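Chemist: Pasting a structure here, questions to come.
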Amino acid sequence: VQLQASGGGLVQPGNSLRLSCAASGITFITYHMGWFRQAPGKEREFVAASTRNHYATEYADSVKGRATIFRVTANNTGILQMDSLKPEDTAVYYCAATNKAFRSPRLGVRAASSFNYWGQGTEVTVSS
């Protein structure tokens with residue numbers, strides 16, 4: 001199983017970025033997908049998640065209303081669209097996947113420990 005994250009870069013505050021997570025070795029839609037980020041000197045934190053089979057999406061309060069997570073099933077790819085970016089969004093963004101069965105998927109996908117497959121990370125810098 002491989003997850004390849006891409007799409008990061010340097011953007012000005014207020015602009016947008018689309019992060020992609022290309023999966024191989026799995027049928028991505030049958031897995032829960034998550035995006036997490038880690039800023040310098042901080043712990044990895046939850047950003048957004050999509051439960052498998054389009055059941056539900058979850059967002060961290062810090063990105064709610066500015067982020068959209070979705071799948072491109074035909075390409076076996078997950079997308080995190082980030083709008084109205086702020087300097088505090090600066091971090092390395094990681095995509096992750098898991099086929100774990102949760103009693104409460106909406107809660108389960110918020111924990112990094114729930115995910116057993118991780119991409120390499122893509123760096124996002126928001127600065128003027």
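Simple scheme: letters A, B, ... for chains in structure tokens order, numbers from 1 for residues in each chain, numbers from 1 for ligands in the order shown.
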At a cut-off of 8 Å, using only C-alpha atoms, what residues contact range 12-20 of chain A? Leave out same-chain residues fewer than 5 positions from it and give the result as a PyMOL selection string.

Modeler: chain A and resi 4-7+77-87+126-128

Chemist: What's around Gln120 in chain A at 12 Å? Count only C-alpha atoms, leave out sequence neighbours fewer than 5 positions away in its own chain, and write the answer as JSON, numbers by chain.

Modeler: {"A": [2, 3, 4, 5, 6, 8, 20, 21, 22, 23, 35, 36, 37, 92, 93, 94, 95, 96]}

Chemist: Can you write out the residues you just picked, keeping N, CA, C and O atoms, as a PDB file, in the first residue's frame?

Modeler:
```
ATOM      1  N   GLN A   2       0.578   2.167  -0.896  1.00  0.00           N
ATOM      2  CA  GLN A   2       1.310   3.440  -0.927  1.00  0.00           C
ATOM      3  C   GLN A   2       0.330   4.586  -1.045  1.00  0.00           C
ATOM      4  O   GLN A   2      -0.653   4.503  -1.777  1.00  0.00           O
ATOM      5  N   LEU A   3       0.619   5.652  -0.313  1.00  0.00           N
ATOM      6  CA  LEU A   3      -0.133   6.895  -0.421  1.00  0.00           C
ATOM      7  C   LEU A   3       0.858   7.983  -0.812  1.00  0.00           C
ATOM      8  O   LEU A   3       1.882   8.166  -0.159  1.00  0.00           O
ATOM      9  N   GLN A   4       0.542   8.689  -1.880  1.00  0.00           N
ATOM     10  CA  GLN A   4       1.426   9.729  -2.386  1.00  0.00           C
ATOM     11  C   GLN A   4       0.720  11.069  -2.280  1.00  0.00           C
ATOM     12  O   GLN A   4      -0.224  11.337  -3.036  1.00  0.00           O
ATOM     13  N   ALA A   5       1.178  11.914  -1.351  1.00  0.00           N
ATOM     14  CA  ALA A   5       0.575  13.229  -1.175  1.00  0.00           C
ATOM     15  C   ALA A   5       1.301  14.254  -2.039  1.00  0.00           C
ATOM     16  O   ALA A   5       2.525  14.194  -2.194  1.00  0.00           O
ATOM     17  N   SER A   6       0.538  15.201  -2.568  1.00  0.00           N
ATOM     18  CA  SER A   6       1.123  16.252  -3.393  1.00  0.00           C
ATOM     19  C   SER A   6       0.244  17.488  -3.340  1.00  0.00           C
ATOM     20  O   SER A   6      -0.876  17.441  -2.825  1.00  0.00           O
ATOM     21  N   GLY A   8       1.279  20.669  -2.176  1.00  0.00           N
ATOM     22  CA  GLY A   8       1.700  21.715  -1.255  1.00  0.00           C
ATOM     23  C   GLY A   8       2.509  22.784  -1.959  1.00  0.00           C
ATOM     24  O   GLY A   8       2.871  22.657  -3.127  1.00  0.00           O
ATOM     25  N   SER A  20      -3.594  16.552  -2.924  1.00  0.00           N
ATOM     26  CA  SER A  20      -4.036  15.266  -3.449  1.00  0.00           C
ATOM     27  C   SER A  20      -3.337  14.123  -2.733  1.00  0.00           C
ATOM     28  O   SER A  20      -2.183  14.273  -2.305  1.00  0.00           O
ATOM     29  N   CYS A  21      -4.035  13.014  -2.653  1.00  0.00           N
ATOM     30  CA  CYS A  21      -3.477  11.806  -2.044  1.00  0.00           C
ATOM     31  C   CYS A  21      -3.809  10.645  -2.975  1.00  0.00           C
ATOM     32  O   CYS A  21      -4.957  10.196  -3.017  1.00  0.00           O
ATOM     33  N   ALA A  22      -2.815  10.209  -3.727  1.00  0.00           N
ATOM     34  CA  ALA A  22      -3.009   9.109  -4.668  1.00  0.00           C
ATOM     35  C   ALA A  22      -2.690   7.784  -3.984  1.00  0.00           C
ATOM     36  O   ALA A  22      -1.592   7.609  -3.441  1.00  0.00           O
ATOM     37  N   ALA A  23      -3.632   6.875  -4.017  1.00  0.00           N
ATOM     38  CA  ALA A  23      -3.465   5.588  -3.355  1.00  0.00           C
ATOM     39  C   ALA A  23      -3.178   4.488  -4.361  1.00  0.00           C
ATOM     40  O   ALA A  23      -3.735   4.479  -5.461  1.00  0.00           O
ATOM     41  N   TRP A  35      -6.707  13.446   6.729  1.00  0.00           N
ATOM     42  CA  TRP A  35      -5.630  14.401   6.548  1.00  0.00           C
ATOM     43  C   TRP A  35      -5.251  14.945   7.925  1.00  0.00           C
ATOM     44  O   TRP A  35      -6.126  15.357   8.694  1.00  0.00           O
ATOM     45  N   PHE A  36      -3.970  14.945   8.173  1.00  0.00           N
ATOM     46  CA  PHE A  36      -3.432  15.481   9.419  1.00  0.00           C
ATOM     47  C   PHE A  36      -2.319  16.462   9.057  1.00  0.00           C
ATOM     48  O   PHE A  36      -1.818  16.438   7.939  1.00  0.00           O
ATOM     49  N   ARG A  37      -1.959  17.308   9.982  1.00  0.00           N
ATOM     50  CA  ARG A  37      -0.870  18.241   9.724  1.00  0.00           C
ATOM     51  C   ARG A  37      -0.004  18.389  10.960  1.00  0.00           C
ATOM     52  O   ARG A  37      -0.451  18.177  12.079  1.00  0.00           O
ATOM     53  N   VAL A  92       3.294  20.654   7.562  1.00  0.00           N
ATOM     54  CA  VAL A  92       3.395  19.526   6.646  1.00  0.00           C
ATOM     55  C   VAL A  92       2.087  18.747   6.760  1.00  0.00           C
ATOM     56  O   VAL A  92       1.671  18.396   7.875  1.00  0.00           O
ATOM     57  N   TYR A  93       1.460  18.505   5.633  1.00  0.00           N
ATOM     58  CA  TYR A  93       0.174  17.824   5.592  1.00  0.00           C
ATOM     59  C   TYR A  93       0.377  16.374   5.173  1.00  0.00           C
ATOM     60  O   TYR A  93       1.058  16.092   4.174  1.00  0.00           O
ATOM     61  N   TYR A  94      -0.247  15.479   5.929  1.00  0.00           N
ATOM     62  CA  TYR A  94      -0.134  14.048   5.672  1.00  0.00           C
ATOM     63  C   TYR A  94      -1.508  13.459   5.390  1.00  0.00           C
ATOM     64  O   TYR A  94      -2.473  13.762   6.090  1.00  0.00           O
ATOM     65  N   CYS A  95      -1.564  12.608   4.367  1.00  0.00           N
ATOM     66  CA  CYS A  95      -2.784  11.842   4.169  1.00  0.00           C
ATOM     67  C   CYS A  95      -2.585  10.453   4.760  1.00  0.00           C
ATOM     68  O   CYS A  95      -1.450   9.969   4.877  1.00  0.00           O
ATOM     69  N   ALA A  96      -3.688   9.845   5.126  1.00  0.00           N
ATOM     70  CA  ALA A  96      -3.627   8.553   5.789  1.00  0.00           C
ATOM     71  C   ALA A  96      -4.849   7.728   5.436  1.00  0.00           C
ATOM     72  O   ALA A  96      -5.893   8.285   5.056  1.00  0.00           O
TER      73      ALA A  96
END
```

Chemist: Nearest residue to Tyr117 in chain A out of A:Asn99, A:Asn75, A:Ser104, A:Thr27, using only C-alpha atoms?

Modeler: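 Among A:Asn99, A:Asn75, A:Ser104, A:Thr27, it is A:Asn99 that comes nearest to Tyr117 in chain A.
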
Chemist: Please run DSSP on the backbone and report, as a ChimeraX atom specification, all residues within chain A that come out as strand (DSSP E or B).

Modeler: /A:2-6,9-11,17-24,32-38,45-50,57-59,67-72,77-82,91-98,117-118,122-126

Chemist: Name the residues of chain A that fall into alpha helix (DSSP H) according to DSSP on the backbone, using the chain letters and numbers of this document, as a PDB file with N, CA and C atoms, in the first residue's frame.

Modeler:
```pdb
ATOM      1  N   PRO A 105     -17.523   5.737  13.498  1.00  0.00           N
ATOM      2  CA  PRO A 105     -16.540   6.163  12.502  1.00  0.00           C
ATOM      3  C   PRO A 105     -16.203   7.649  12.577  1.00  0.00           C
ATOM      4  N   ARG A 106     -17.211   8.480  12.859  1.00  0.00           N
ATOM      5  CA  ARG A 106     -16.983   9.918  12.919  1.00  0.00           C
ATOM      6  C   ARG A 106     -15.956  10.287  13.992  1.00  0.00           C
ATOM      7  N   LEU A 107     -15.925   9.543  15.069  1.00  0.00           N
ATOM      8  CA  LEU A 107     -14.933   9.786  16.114  1.00  0.00           C
ATOM      9  C   LEU A 107     -13.626   9.072  15.801  1.00  0.00           C
ATOM     10  N   GLY A 108     -13.716   7.883  15.300  1.00  0.00           N
ATOM     11  CA  GLY A 108     -12.519   7.090  15.052  1.00  0.00           C
ATOM     12  C   GLY A 108     -11.560   7.732  14.082  1.00  0.00           C
TER      13      GLY A 108
END
```

Chemist: Could you check which of A:Phe70, A:Arg110, A:Ser50, A:Gly65 is closest to Met33 in chain A, using only C-alpha atoms?

Modeler: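 Of A:Phe70, A:Arg110, A:Ser50, A:Gly65, the one nearest Met33 in chain A is A:Ser50, counting only C-alpha atoms.
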
Chemist: So how many Å separate CA of Ala97 in chain A and CA of Val72 in chain A, to one decimal?

Modeler: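 Here the two named atoms are 14.9 Å from each other.
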
Chemist: Using only C-alpha atoms, can you tell me which of A:Ile29, A:Val11, A:Ala91, A:Ala39 comes closest to Arg52 in chain A?

Modeler: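 Distance minimum relative to Arg52 in chain A lands on A:Ile29.
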
Chemist: Return the single residue from A:Thr68, A:Thr57, A:Thr90, A:Ser24 that is closest to Gly41 in chain A, with distances computed using only C-alpha atoms.

Modeler: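 For Gly41 in chain A, the nearest of the candidates is A:Thr90.
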
Chemist: Which of these residues is nearest to Thr122 in chain A, using only C-alpha atoms: A:Leu10, A:Ala101, A:Ala60, A:Val109?

Modeler: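 When distances to Thr122 in chain A are compared using only C-alpha atoms, the smallest one comes from A:Leu10.
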
Chemist: Go through A:Ser113, A:Asp89, A:Thr98, A:Phe46 one by one, measure the shortest atom-to-atom distance of each to His32 in chain A using only C-alpha atoms, and give the residue with the smallest value.

Modeler: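 Counting only C-alpha atoms, the residue closest to His32 in chain A is A:Thr98.
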
Chemist: So the first atom is CA of Ala48 in chain A and the second is CA of Val63 in chain A; what is the distance between them in Å, to one decimal place?

Modeler: 8.2 Å
